[in-house]
Amino acid sequence: MKKYDYLIVGSGLFGAVFAYEAKKHGKTCLVIEKRNHIGGNIYCENVNGINVHKYGAHIFHTSSRKIWDYVNQFAEFNHYVNSPVAVYKDELYNLPFNMNTFSKMWGIKTPDQAKEIIEKQKALFNIENPQNLEEQALSLIGKDVYEKLIKGYTEKQWGRSCTELPAFIIRRLPVRYTYDNNYFNDRFQGIPIGGYNQIIEKMLGDTDVLLETSYKDYIKNHDISGMKIVYTGNIDEYFDYQFGALQYRTVRFETEILPDVDNYQGNAVVNYTEREIPFTRIIEHKHFEFSSVPGTVISREYSSEWKVGIEPYYPINNDENNALYKKYAALAEKEQNVIFGGRLGRYQYYDMDKVIAAALAATEEEFKES
């Protein structure tokens, strides 16, 4: 059996960056992936000439010139700007909350008018020390925006009443008093022309990859002595859930091919903020790359409770889960030959640029003497 320096568990961004950097240092890697494709959650499936973001919308954005230059080695990016639209009943609003939102909601024109309305609404509640998400939202933005654009969407996203959710989830609620629909504040933003798969493919290059292979199954049948492990799966699963399972939210996608519709909603991302509508948003994938091919593909996203065996998406970083993660992190510290990384290995929601930065930091530490 061929021996490798590293066994990389998971072929998402963290694992792929590590493999790419390890090869530059003369190391050999084997990547194992439980799915039937590489790329983790940034994987794109080509459907009738449209790159479908199979695991939800992924818009690359960063304020780091270093990370932007790094990822541009592997793909050319377009000038896509994330400007989602929110639907509440028969009303359409721009996101994030900005002067376009406030003008539509209240029929006003100036920042001073918007601030006056928001301050009046905040004063009605006079909340100085928010104890939950609802109180936090009311203290930041007032009743109108909260009830139309935050409450229903958030309760669908987390499966809990806003009064049961911790305040910190929206502590940094973006509010702009400019007519600017760009969701992100980062300097660099875009979608790779041709989709994300090419990035992972180029990073992995000729690195050996085994698909449909779980870590537990692999180590049952193979000798991994002498190999160092880069583990990007669930940290609690690695330790056989000995302290119990960490909690996540998961997402279910209903994807529909519409061959006779060229433009379903006019925007890549449309949020549905009413609690009564079961899905959180609809993604129309062709708009990410300004595609003009006939037909379109849409995906409805449904947020739901997670249990072991289902794909985890969003860590629930409340006090209880963070305390549980610390127990697993303490065990991870004692693992001499294992590097834990990525959103599952670190139990943290990462944007793509942060995953790359974390992987580069890990490789710099790993190869600092080589």
# chains A, B, ... in the order shown; residues from 1 in each chain; ligands from 1
>>> residues_around(residues="Ser139 in chain A", least_positions_apart="5", cutoff="9 Å", atoms="only C-alpha atoms", output="PyMOL selection string")
chain A and resi 121-123+125-130+134
>>> write_last_selection(atoms="C-alpha atoms", output="mmCIF file, in the first residue's frame")
data_model
loop_
_atom_site.group_PDB
_atom_site.id
_atom_site.type_symbol
_atom_site.label_atom_id
_atom_site.label_comp_id
_atom_site.auth_asym_id
_atom_site.auth_seq_id
_atom_site.Cartn_x
_atom_site.Cartn_y
_atom_site.Cartn_z
ATOM 1 C CA GLN A 121 -39.636 53.268 17.504
ATOM 2 C CA LYS A 122 -36.641 52.285 19.632
ATOM 3 C CA ALA A 123 -37.728 54.740 22.331
ATOM 4 C CA PHE A 125 -39.496 49.938 23.973
ATOM 5 C CA ASN A 126 -36.611 51.562 25.881
ATOM 6 C CA ILE A 127 -34.624 48.334 26.040
ATOM 7 C CA GLU A 128 -31.228 48.948 27.653
ATOM 8 C CA ASN A 129 -30.105 45.382 28.274
ATOM 9 C CA PRO A 130 -31.558 43.028 25.606
ATOM 10 C CA GLU A 134 -36.315 40.042 19.769
#
>>> residues_around(residues="Lys148 in chain A", least_positions_apart="6", cutoff="12 Å", atoms="only C-alpha atoms", output="ChimeraX atom specification")
/A:86-93,97,101-102,105,137,141-142,154,271-275
>>> atom_distance(atom1="CA of Thr232 in chain A", atom2="CA of Ala362 in chain A")
12.4 Å
>>> closest_residue(among="A:Ala167, A:Val71, A:Ile117, A:Ile283", to="Lys54 in chain A", atoms="only C-alpha atoms")
A:Ile283
>>> closest_atom_pairs(of="range 237-269 of chain A", to="range 210-223 of chain A", cutoff="12 Å", atoms="only C-alpha atoms", output="CSV")
residue,atom,partner,partner_atom,distance
A:Glu237,CA,A:Lys216,CA,9.5
A:Tyr238,CA,A:Lys216,CA,8.4
A:Phe239,CA,A:Lys216,CA,10.9
A:Asp240,CA,A:Lys216,CA,10.1
>>> atom_distance(atom1="CA of Asp353 in chain A", atom2="CA of Glu45 in chain A")
21.6 Å
>>> closest_residue(among="A:Ala361, A:Pro84, A:Asn322, A:Ile356", to="Asp69 in chain A", atoms="only C-alpha atoms")
A:Ile356
>>> closest_residue(among="A:Tyr183, A:Tyr196, A:Tyr70, A:Tyr20", to="Tyr43 in chain A", atoms="only C-alpha atoms")
A:Tyr196
>>> select_by_dssp(residues="range 190-352 of chain A", states="alpha helix (DSSP H)", output="JSON list (two decimals) with all heavy atoms, in the first residue's frame")
[["chain", "number", "residue", "atom", "x", "y", "z"],
["A", 197, "ASN", "N", -15.82, 24.56, -8.76],
["A", 197, "ASN", "CA", -15.14, 23.26, -8.83],
["A", 197, "ASN", "C", -13.71, 23.38, -9.32],
["A", 197, "ASN", "O", -12.81, 22.67, -8.85],
["A", 197, "ASN", "CB", -15.91, 22.31, -9.76],
["A", 197, "ASN", "CG", -17.30, 22.00, -9.26],
["A", 197, "ASN", "OD1", -17.71, 22.47, -8.20],
["A", 197, "ASN", "ND2", -18.05, 21.23, -10.03],
["A", 198, "GLN", "N", -13.48, 24.29, -10.27],
["A", 198, "GLN", "CA", -12.14, 24.44, -10.84],
["A", 198, "GLN", "C", -11.12, 24.81, -9.78],
["A", 198, "GLN", "O", -9.94, 24.43, -9.87],
["A", 198, "GLN", "CB", -12.17, 25.51, -11.94],
["A", 198, "GLN", "CG", -12.58, 26.88, -11.41],
["A", 198, "GLN", "CD", -12.82, 27.90, -12.50],
["A", 198, "GLN", "OE1", -11.96, 28.13, -13.33],
["A", 198, "GLN", "NE2", -14.01, 28.52, -12.49],
["A", 199, "ILE", "N", -11.54, 25.56, -8.77],
["A", 199, "ILE", "CA", -10.61, 25.97, -7.71],
["A", 199, "ILE", "C", -10.11, 24.75, -6.95],
["A", 199, "ILE", "O", -8.90, 24.56, -6.74],
["A", 199, "ILE", "CB", -11.28, 26.98, -6.76],
["A", 199, "ILE", "CG1", -11.60, 28.27, -7.52],
["A", 199, "ILE", "CG2", -10.41, 27.25, -5.54],
["A", 199, "ILE", "CD1", -12.38, 29.30, -6.69],
["A", 200, "ILE", "N", -11.04, 23.90, -6.54],
["A", 200, "ILE", "CA", -10.67, 22.70, -5.78],
["A", 200, "ILE", "C", -9.87, 21.75, -6.66],
["A", 200, "ILE", "O", -8.86, 21.17, -6.23],
["A", 200, "ILE", "CB", -11.92, 21.99, -5.24],
["A", 200, "ILE", "CG1", -12.73, 22.94, -4.33],
["A", 200, "ILE", "CG2", -11.54, 20.73, -4.48],
["A", 200, "ILE", "CD1", -12.01, 23.41, -3.10],
["A", 201, "GLU", "N", -10.28, 21.61, -7.91],
["A", 201, "GLU", "CA", -9.57, 20.71, -8.84],
["A", 201, "GLU", "C", -8.12, 21.15, -9.01],
["A", 201, "GLU", "O", -7.21, 20.31, -9.02],
["A", 201, "GLU", "CB", -10.29, 20.68, -10.19],
["A", 201, "GLU", "CG", -11.63, 19.95, -10.15],
["A", 201, "GLU", "CD", -12.47, 20.19, -11.39],
["A", 201, "GLU", "OE1", -12.01, 20.94, -12.29],
["A", 201, "GLU", "OE2", -13.59, 19.64, -11.47],
["A", 202, "LYS", "N", -7.90, 22.45, -9.15],
["A", 202, "LYS", "CA", -6.53, 22.94, -9.34],
["A", 202, "LYS", "C", -5.72, 22.84, -8.05],
["A", 202, "LYS", "O", -4.51, 22.57, -8.10],
["A", 202, "LYS", "CB", -6.56, 24.38, -9.86],
["A", 202, "LYS", "CG", -7.07, 24.48, -11.29],
["A", 202, "LYS", "CD", -7.19, 25.93, -11.74],
["A", 202, "LYS", "CE", -7.74, 26.01, -13.17],
["A", 202, "LYS", "NZ", -7.97, 27.41, -13.61],
["A", 203, "MET", "N", -6.36, 23.07, -6.93],
["A", 203, "MET", "CA", -5.64, 22.93, -5.65],
["A", 203, "MET", "C", -5.20, 21.49, -5.42],
["A", 203, "MET", "O", -4.08, 21.23, -5.00],
["A", 203, "MET", "CB", -6.54, 23.37, -4.49],
["A", 203, "MET", "CG", -6.71, 24.87, -4.35],
["A", 203, "MET", "SD", -7.80, 25.26, -2.96],
["A", 203, "MET", "CE", -7.70, 27.08, -2.96],
["A", 204, "LEU", "N", -6.09, 20.54, -5.71],
["A", 204, "LEU", "CA", -5.76, 19.14, -5.49],
["A", 204, "LEU", "C", -4.82, 18.60, -6.56],
["A", 204, "LEU", "O", -3.97, 17.74, -6.28],
["A", 204, "LEU", "CB", -7.03, 18.29, -5.43],
["A", 204, "LEU", "CG", -7.95, 18.57, -4.23],
["A", 204, "LEU", "CD1", -9.19, 17.69, -4.29],
["A", 204, "LEU", "CD2", -7.21, 18.35, -2.92],
["A", 215, "TYR", "N", -13.95, 8.56, 7.15],
["A", 215, "TYR", "CA", -12.75, 8.39, 7.97],
["A", 215, "TYR", "C", -12.80, 7.10, 8.77],
["A", 215, "TYR", "O", -11.84, 6.33, 8.80],
["A", 215, "TYR", "CB", -12.59, 9.59, 8.89],
["A", 215, "TYR", "CG", -11.45, 9.45, 9.88],
["A", 215, "TYR", "CD1", -10.13, 9.45, 9.45],
["A", 215, "TYR", "CD2", -11.71, 9.31, 11.25],
["A", 215, "TYR", "CE1", -9.08, 9.32, 10.34],
["A", 215, "TYR", "CE2", -10.67, 9.19, 12.15],
["A", 215, "TYR", "CZ", -9.37, 9.19, 11.70],
["A", 215, "TYR", "OH", -8.33, 9.06, 12.60],
["A", 216, "LYS", "N", -13.94, 6.83, 9.42],
["A", 216, "LYS", "CA", -14.06, 5.64, 10.25],
["A", 216, "LYS", "C", -13.88, 4.37, 9.43],
["A", 216, "LYS", "O", -13.21, 3.42, 9.86],
["A", 216, "LYS", "CB", -15.43, 5.63, 10.95],
["A", 216, "LYS", "CG", -15.64, 6.78, 11.94],
["A", 216, "LYS", "CD", -14.73, 6.69, 13.14],
["A", 216, "LYS", "CE", -15.05, 7.78, 14.16],
["A", 216, "LYS", "NZ", -14.12, 7.75, 15.32],
["A", 217, "ASP", "N", -14.48, 4.35, 8.24],
["A", 217, "ASP", "CA", -14.33, 3.17, 7.39],
["A", 217, "ASP", "C", -12.90, 3.01, 6.91],
["A", 217, "ASP", "O", -12.38, 1.88, 6.83],
["A", 217, "ASP", "CB", -15.28, 3.26, 6.19],
["A", 217, "ASP", "CG", -16.74, 3.03, 6.57],
["A", 217, "ASP", "OD1", -16.98, 2.47, 7.66],
["A", 217, "ASP", "OD2", -17.62, 3.41, 5.78],
["A", 218, "TYR", "N", -12.27, 4.13, 6.59],
["A", 218, "TYR", "CA", -10.91, 4.05, 6.06],
["A", 218, "TYR", "C", -9.94, 3.48, 7.10],
["A", 218, "TYR", "O", -9.14, 2.60, 6.79],
["A", 218, "TYR", "CB", -10.43, 5.42, 5.59],
["A", 218, "TYR", "CG", -9.08, 5.36, 4.91],
["A", 218, "TYR", "CD1", -8.98, 5.02, 3.56],
["A", 218, "TYR", "CD2", -7.91, 5.60, 5.62],
["A", 218, "TYR", "CE1", -7.73, 4.92, 2.93],
["A", 218, "TYR", "CE2", -6.66, 5.52, 5.01],
["A", 218, "TYR", "CZ", -6.59, 5.17, 3.66],
["A", 218, "TYR", "OH", -5.36, 5.06, 3.06],
["A", 219, "ILE", "N", -10.03, 3.98, 8.32],
["A", 219, "ILE", "CA", -9.06, 3.54, 9.32],
["A", 219, "ILE", "C", -9.31, 2.10, 9.78],
["A", 219, "ILE", "O", -8.41, 1.46, 10.34],
["A", 219, "ILE", "CB", -9.01, 4.48, 10.54],
["A", 219, "ILE", "CG1", -10.35, 4.51, 11.27],
["A", 219, "ILE", "CG2", -8.58, 5.88, 10.10],
["A", 219, "ILE", "CD1", -10.32, 5.36, 12.55],
["A", 220, "LYS", "N", -10.51, 1.58, 9.53],
["A", 220, "LYS", "CA", -10.77, 0.17, 9.84],
["A", 220, "LYS", "C", -9.98, -0.75, 8.94],
["A", 220, "LYS", "O", -9.61, -1.86, 9.32],
["A", 220, "LYS", "CB", -12.27, -0.13, 9.66],
["A", 220, "LYS", "CG", -13.16, 0.34, 10.79],
["A", 220, "LYS", "CD", -14.62, -0.02, 10.46],
["A", 220, "LYS", "CE", -15.57, 0.59, 11.48],
["A", 220, "LYS", "NZ", -16.99, 0.32, 11.09],
["A", 221, "ASN", "N", -9.75, -0.30, 7.71],
["A", 221, "ASN", "CA", -9.18, -1.18, 6.70],
["A", 221, "ASN", "C", -7.77, -0.80, 6.24],
["A", 221, "ASN", "O", -7.21, -1.47, 5.37],
["A", 221, "ASN", "CB", -10.10, -1.21, 5.47],
["A", 221, "ASN", "CG", -11.51, -1.67, 5.81],
["A", 221, "ASN", "OD1", -11.68, -2.75, 6.36],
["A", 221, "ASN", "ND2", -12.50, -0.85, 5.50],
["A", 235, "ILE", "N", -15.96, 17.42, 14.80],
["A", 235, "ILE", "CA", -15.02, 17.11, 15.87],
["A", 235, "ILE", "C", -15.64, 16.17, 16.89],
["A", 235, "ILE", "O", -14.95, 15.29, 17.43],
["A", 235, "ILE", "CB", -14.52, 18.42, 16.54],
["A", 235, "ILE", "CG1", -13.37, 18.11, 17.51],
["A", 235, "ILE", "CG2", -15.65, 19.20, 17.20],
["A", 235, "ILE", "CD1", -12.68, 19.36, 18.05],
["A", 236, "ASP", "N", -16.94, 16.29, 17.15],
["A", 236, "ASP", "CA", -17.57, 15.40, 18.13],
["A", 236, "ASP", "C", -17.66, 13.97, 17.59],
["A", 236, "ASP", "O", -17.54, 13.00, 18.34],
["A", 236, "ASP", "CB", -18.94, 15.92, 18.56],
["A", 236, "ASP", "CG", -19.84, 16.30, 17.40],
["A", 236, "ASP", "OD1", -19.37, 16.31, 16.23],
["A", 236, "ASP", "OD2", -21.03, 16.60, 17.63],
["A", 237, "GLU", "N", -17.85, 13.83, 16.28],
["A", 237, "GLU", "CA", -17.87, 12.49, 15.68],
["A", 237, "GLU", "C", -16.50, 11.83, 15.78],
["A", 237, "GLU", "O", -16.40, 10.63, 16.02],
["A", 237, "GLU", "CB", -18.32, 12.58, 14.22],
["A", 237, "GLU", "CG", -18.40, 11.23, 13.53],
["A", 237, "GLU", "CD", -18.84, 11.33, 12.08],
["A", 237, "GLU", "OE1", -18.79, 12.44, 11.52],
["A", 237, "GLU", "OE2", -19.22, 10.29, 11.51],
["A", 238, "TYR", "N", -15.44, 12.62, 15.58],
["A", 238, "TYR", "CA", -14.07, 12.07, 15.70],
["A", 238, "TYR", "C", -13.88, 11.41, 17.06],
["A", 238, "TYR", "O", -13.24, 10.35, 17.17],
["A", 238, "TYR", "CB", -13.04, 13.19, 15.50],
["A", 238, "TYR", "CG", -11.61, 12.72, 15.61],
["A", 238, "TYR", "CD1", -10.93, 12.25, 14.50],
["A", 238, "TYR", "CD2", -10.95, 12.74, 16.83],
["A", 238, "TYR", "CE1", -9.62, 11.81, 14.59],
["A", 238, "TYR", "CE2", -9.64, 12.30, 16.94],
["A", 238, "TYR", "CZ", -8.98, 11.83, 15.82],
["A", 238, "TYR", "OH", -7.68, 11.38, 15.93],
["A", 319, "ASP", "N", -24.34, 29.27, 24.54],
["A", 319, "ASP", "CA", -23.46, 28.98, 25.67],
["A", 319, "ASP", "C", -23.31, 27.47, 25.89],
["A", 319, "ASP", "O", -22.21, 26.97, 26.16],
["A", 319, "ASP", "CB", -24.00, 29.64, 26.94],
["A", 319, "ASP", "CG", -23.91, 31.16, 26.90],
["A", 319, "ASP", "OD1", -23.14, 31.67, 26.06],
["A", 319, "ASP", "OD2", -24.60, 31.83, 27.69],
["A", 320, "GLU", "N", -24.42, 26.75, 25.78],
["A", 320, "GLU", "CA", -24.39, 25.30, 26.01],
["A", 320, "GLU", "C", -23.49, 24.58, 25.02],
["A", 320, "GLU", "O", -22.63, 23.77, 25.40],
["A", 320, "GLU", "CB", -25.82, 24.75, 25.91],
["A", 320, "GLU", "CG", -25.91, 23.24, 26.04],
["A", 320, "GLU", "CD", -27.31, 22.72, 25.76],
["A", 320, "GLU", "OE1", -28.23, 23.54, 25.56],
["A", 320, "GLU", "OE2", -27.47, 21.49, 25.73],
["A", 321, "ASN", "N", -23.64, 24.90, 23.73],
["A", 321, "ASN", "CA", -22.83, 24.23, 22.71],
["A", 321, "ASN", "C", -21.37, 24.68, 22.74],
["A", 321, "ASN", "O", -20.46, 23.88, 22.50],
["A", 321, "ASN", "CB", -23.42, 24.47, 21.33],
["A", 321, "ASN", "CG", -24.63, 23.60, 21.06],
["A", 321, "ASN", "OD1", -24.51, 22.38, 20.96],
["A", 321, "ASN", "ND2", -25.80, 24.20, 20.96],
["A", 322, "ASN", "N", -21.13, 25.94, 23.03],
["A", 322, "ASN", "CA", -19.75, 26.42, 23.12],
["A", 322, "ASN", "C", -19.01, 25.74, 24.27],
["A", 322, "ASN", "O", -17.82, 25.41, 24.16],
["A", 322, "ASN", "CB", -19.72, 27.94, 23.29],
["A", 322, "ASN", "CG", -20.12, 28.66, 22.02],
["A", 322, "ASN", "OD1", -20.11, 28.09, 20.93],
["A", 322, "ASN", "ND2", -20.51, 29.92, 22.14],
["A", 323, "ALA", "N", -19.72, 25.51, 25.39],
["A", 323, "ALA", "CA", -19.11, 24.81, 26.51],
["A", 323, "ALA", "C", -18.80, 23.36, 26.14],
["A", 323, "ALA", "O", -17.74, 22.82, 26.50],
["A", 323, "ALA", "CB", -20.04, 24.86, 27.72],
["A", 324, "LEU", "N", -19.71, 22.74, 25.39],
["A", 324, "LEU", "CA", -19.49, 21.37, 24.94],
["A", 324, "LEU", "C", -18.32, 21.29, 23.97],
["A", 324, "LEU", "O", -17.48, 20.39, 24.05],
["A", 324, "LEU", "CB", -20.77, 20.83, 24.29],
["A", 324, "LEU", "CG", -20.76, 19.37, 23.82],
["A", 324, "LEU", "CD1", -20.44, 18.43, 24.98],
["A", 324, "LEU", "CD2", -22.10, 19.01, 23.20],
["A", 325, "TYR", "N", -18.26, 22.27, 23.06],
["A", 325, "TYR", "CA", -17.15, 22.28, 22.11],
["A", 325, "TYR", "C", -15.81, 22.41, 22.82],
["A", 325, "TYR", "O", -14.81, 21.78, 22.43],
["A", 325, "TYR", "CB", -17.30, 23.43, 21.10],
["A", 325, "TYR", "CG", -16.05, 23.65, 20.29],
["A", 325, "TYR", "CD1", -15.61, 22.70, 19.36],
["A", 325, "TYR", "CD2", -15.25, 24.77, 20.50],
["A", 325, "TYR", "CE1", -14.44, 22.87, 18.65],
["A", 325, "TYR", "CE2", -14.07, 24.95, 19.80],
["A", 325, "TYR", "CZ", -13.68, 24.00, 18.87],
["A", 325, "TYR", "OH", -12.51, 24.16, 18.17],
["A", 326, "LYS", "N", -15.75, 23.20, 23.88],
["A", 326, "LYS", "CA", -14.49, 23.37, 24.62],
["A", 326, "LYS", "C", -13.98, 22.04, 25.16],
["A", 326, "LYS", "O", -12.77, 21.80, 25.22],
["A", 326, "LYS", "CB", -14.68, 24.37, 25.75],
["A", 326, "LYS", "CG", -14.75, 25.82, 25.28],
["A", 326, "LYS", "CD", -14.91, 26.78, 26.45],
["A", 326, "LYS", "CE", -14.97, 28.22, 25.96],
["A", 326, "LYS", "NZ", -15.15, 29.18, 27.08],
["A", 327, "LYS", "N", -14.90, 21.16, 25.54],
["A", 327, "LYS", "CA", -14.49, 19.83, 26.01],
["A", 327, "LYS", "C", -13.83, 19.05, 24.88],
["A", 327, "LYS", "O", -12.81, 18.39, 25.07],
["A", 327, "LYS", "CB", -15.70, 19.07, 26.53],
["A", 327, "LYS", "CG", -16.29, 19.62, 27.83],
["A", 327, "LYS", "CD", -17.43, 18.72, 28.30],
["A", 327, "LYS", "CE", -18.03, 19.23, 29.60],
["A", 327, "LYS", "NZ", -19.14, 18.35, 30.07],
["A", 328, "TYR", "N", -14.43, 19.11, 23.69],
["A", 328, "TYR", "CA", -13.84, 18.41, 22.55],
["A", 328, "TYR", "C", -12.54, 19.07, 22.11],
["A", 328, "TYR", "O", -11.59, 18.38, 21.72],
["A", 328, "TYR", "CB", -14.84, 18.36, 21.39],
["A", 328, "TYR", "CG", -15.95, 17.37, 21.60],
["A", 328, "TYR", "CD1", -17.28, 17.78, 21.68],
["A", 328, "TYR", "CD2", -15.69, 16.02, 21.73],
["A", 328, "TYR", "CE1", -18.32, 16.87, 21.88],
["A", 328, "TYR", "CE2", -16.71, 15.09, 21.93],
["A", 328, "TYR", "CZ", -18.02, 15.53, 22.00],
["A", 328, "TYR", "OH", -19.02, 14.62, 22.21],
["A", 329, "ALA", "N", -12.49, 20.39, 22.18],
["A", 329, "ALA", "CA", -11.26, 21.10, 21.80],
["A", 329, "ALA", "C", -10.10, 20.72, 22.72],
["A", 329, "ALA", "O", -8.95, 20.62, 22.29],
["A", 329, "ALA", "CB", -11.50, 22.61, 21.83],
["A", 330, "ALA", "N", -10.42, 20.49, 24.00],
["A", 330, "ALA", "CA", -9.39, 20.07, 24.94],
["A", 330, "ALA", "C", -8.85, 18.70, 24.57],
["A", 330, "ALA", "O", -7.63, 18.44, 24.67],
["A", 330, "ALA", "CB", -9.96, 20.06, 26.36],
["A", 331, "LEU", "N", -9.74, 17.80, 24.14],
["A", 331, "LEU", "CA", -9.28, 16.49, 23.66],
["A", 331, "LEU", "C", -8.44, 16.64, 22.40],
["A", 331, "LEU", "O", -7.43, 15.95, 22.22],
["A", 331, "LEU", "CB", -10.47, 15.58, 23.37],
["A", 331, "LEU", "CG", -11.32, 15.09, 24.56],
["A", 331, "LEU", "CD1", -12.44, 14.18, 24.06],
["A", 331, "LEU", "CD2", -10.45, 14.37, 25.58],
["A", 332, "ALA", "N", -8.87, 17.55, 21.51],
["A", 332, "ALA", "CA", -8.15, 17.75, 20.26],
["A", 332, "ALA", "C", -6.72, 18.23, 20.51],
["A", 332, "ALA", "O", -5.79, 17.86, 19.78],
["A", 332, "ALA", "CB", -8.90, 18.76, 19.38],
["A", 333, "GLU", "N", -6.55, 19.04, 21.53],
["A", 333, "GLU", "CA", -5.22, 19.55, 21.87],
["A", 333, "GLU", "C", -4.26, 18.41, 22.20],
["A", 333, "GLU", "O", -3.05, 18.52, 22.00],
["A", 333, "GLU", "CB", -5.31, 20.50, 23.06],
["A", 333, "GLU", "CG", -5.87, 21.88, 22.72],
["A", 333, "GLU", "CD", -4.88, 22.72, 21.92],
["A", 333, "GLU", "OE1", -3.66, 22.64, 22.20],
["A", 333, "GLU", "OE2", -5.32, 23.43, 21.00],
["A", 334, "LYS", "N", -4.78, 17.31, 22.71],
["A", 334, "LYS", "CA", -3.93, 16.19, 23.13],
["A", 334, "LYS", "C", -3.60, 15.25, 21.97],
["A", 334, "LYS", "O", -2.77, 14.35, 22.14],
["A", 334, "LYS", "CB", -4.64, 15.41, 24.24],
["A", 334, "LYS", "CG", -4.89, 16.24, 25.50],
["A", 334, "LYS", "CD", -5.71, 15.45, 26.52],
["A", 334, "LYS", "CE", -6.05, 16.30, 27.73],
["A", 334, "LYS", "NZ", -6.91, 15.57, 28.71],
["A", 342, "GLY", "N", -11.63, 23.76, 9.53],
["A", 342, "GLY", "CA", -12.90, 23.94, 8.86],
["A", 342, "GLY", "C", -14.04, 24.17, 9.85],
["A", 342, "GLY", "O", -13.86, 24.11, 11.06],
["A", 343, "ARG", "N", -15.24, 24.38, 9.30],
["A", 343, "ARG", "CA", -16.38, 24.75, 10.15],
["A", 343, "ARG", "C", -16.80, 23.60, 11.06],
["A", 343, "ARG", "O", -17.27, 23.83, 12.17],
["A", 343, "ARG", "CB", -17.56, 25.18, 9.26],
["A", 343, "ARG", "CG", -18.12, 24.11, 8.39],
["A", 343, "ARG", "CD", -19.13, 24.58, 7.36],
["A", 343, "ARG", "NE", -19.46, 23.50, 6.47],
["A", 343, "ARG", "CZ", -20.45, 22.64, 6.66],
["A", 343, "ARG", "NH1", -21.23, 22.77, 7.71],
["A", 343, "ARG", "NH2", -20.69, 21.66, 5.81],
["A", 344, "LEU", "N", -16.62, 22.36, 10.62],
["A", 344, "LEU", "CA", -17.01, 21.22, 11.44],
["A", 344, "LEU", "C", -15.91, 20.84, 12.43],
["A", 344, "LEU", "O", -16.20, 20.46, 13.57],
["A", 344, "LEU", "CB", -17.36, 20.02, 10.56],
["A", 344, "LEU", "CG", -18.44, 20.26, 9.50],
["A", 344, "LEU", "CD1", -18.69, 18.99, 8.70],
["A", 344, "LEU", "CD2", -19.73, 20.75, 10.14],
["A", 345, "GLY", "N", -14.68, 20.94, 12.00],
["A", 345, "GLY", "CA", -13.57, 20.61, 12.89],
["A", 345, "GLY", "C", -13.35, 21.64, 13.98],
["A", 345, "GLY", "O", -12.80, 21.33, 15.05],
["A", 352, "MET", "N", -15.86, 31.81, 3.28],
["A", 352, "MET", "CA", -14.83, 31.11, 2.52],
["A", 352, "MET", "C", -13.44, 31.70, 2.69],
["A", 352, "MET", "O", -12.44, 30.98, 2.79],
["A", 352, "MET", "CB", -15.22, 31.08, 1.03],
["A", 352, "MET", "CG", -16.37, 30.15, 0.72],
["A", 352, "MET", "SD", -16.83, 30.19, -1.04],
["A", 352, "MET", "CE", -17.76, 31.72, -1.10]]
>>> closest_residue(among="A:Ser304, A:Leu140, A:Tyr146, A:Lys115", to="Arg172 in chain A", atoms="only C-alpha atoms")
A:Leu140
>>> residues_around(residues="range 292-295 of chain A", least_positions_apart="3", cutoff="7 Å", atoms="only C-alpha atoms", output="ChimeraX atom specification")
/A:49,258-262
>>> write_last_selection(atoms="N, CA, C and O atoms", output="short mmCIF file (atom, residue, chain, number, x, y, z; two decimals), in the first residue's frame")
data_model
loop_
_atom_site.label_atom_id
_atom_site.label_comp_id
_atom_site.auth_asym_id
_atom_site.auth_seq_id
_atom_site.Cartn_x
_atom_site.Cartn_y
_atom_site.Cartn_z
N GLY A 49 -26.10 23.94 -18.58
CA GLY A 49 -25.22 25.08 -18.79
C GLY A 49 -25.21 26.10 -17.67
O GLY A 49 -24.55 27.14 -17.78
N LEU A 258 -36.45 24.81 -14.74
CA LEU A 258 -37.55 25.47 -15.46
C LEU A 258 -37.08 25.75 -16.89
O LEU A 258 -36.58 26.84 -17.20
N PRO A 259 -37.22 24.80 -17.80
CA PRO A 259 -36.68 24.96 -19.16
C PRO A 259 -37.37 26.05 -19.98
O PRO A 259 -36.78 26.57 -20.93
N ASP A 260 -38.60 26.39 -19.61
CA ASP A 260 -39.36 27.37 -20.40
C ASP A 260 -39.37 28.76 -19.76
O ASP A 260 -40.09 29.65 -20.24
N VAL A 261 -38.61 28.94 -18.69
CA VAL A 261 -38.53 30.24 -18.02
C VAL A 261 -37.09 30.72 -18.07
O VAL A 261 -36.18 30.03 -17.60
N ASP A 262 -36.86 31.87 -18.64
CA ASP A 262 -35.49 32.38 -18.75
C ASP A 262 -35.08 33.22 -17.56
O ASP A 262 -33.89 33.39 -17.29
#
>>> closest_residue(among="A:Leu165, A:Arg281, A:Lys120, A:Gln113", to="Leu133 in chain A", atoms="only C-alpha atoms")
A:Leu165
>>> select_by_dssp(residues="range 25-139 of chain A", states="strand (DSSP E or B)", output="list in words")
Cys29, Leu30, Val31, Ile32, Cys44, Glu45, Asn46, Val47, Ile50, Asn51, Val52, His53, Phe60, His61, Thr62, Phe77, Val85, Ala86, Val87, Tyr88, Glu91, Leu92, Tyr93, Asn94 and Phe97 of chain A
>>> closest_residue(among="A:Ile229, A:Gly244, A:His25, A:Arg176", to="Glu364 in chain A", atoms="only C-alpha atoms")
A:His25
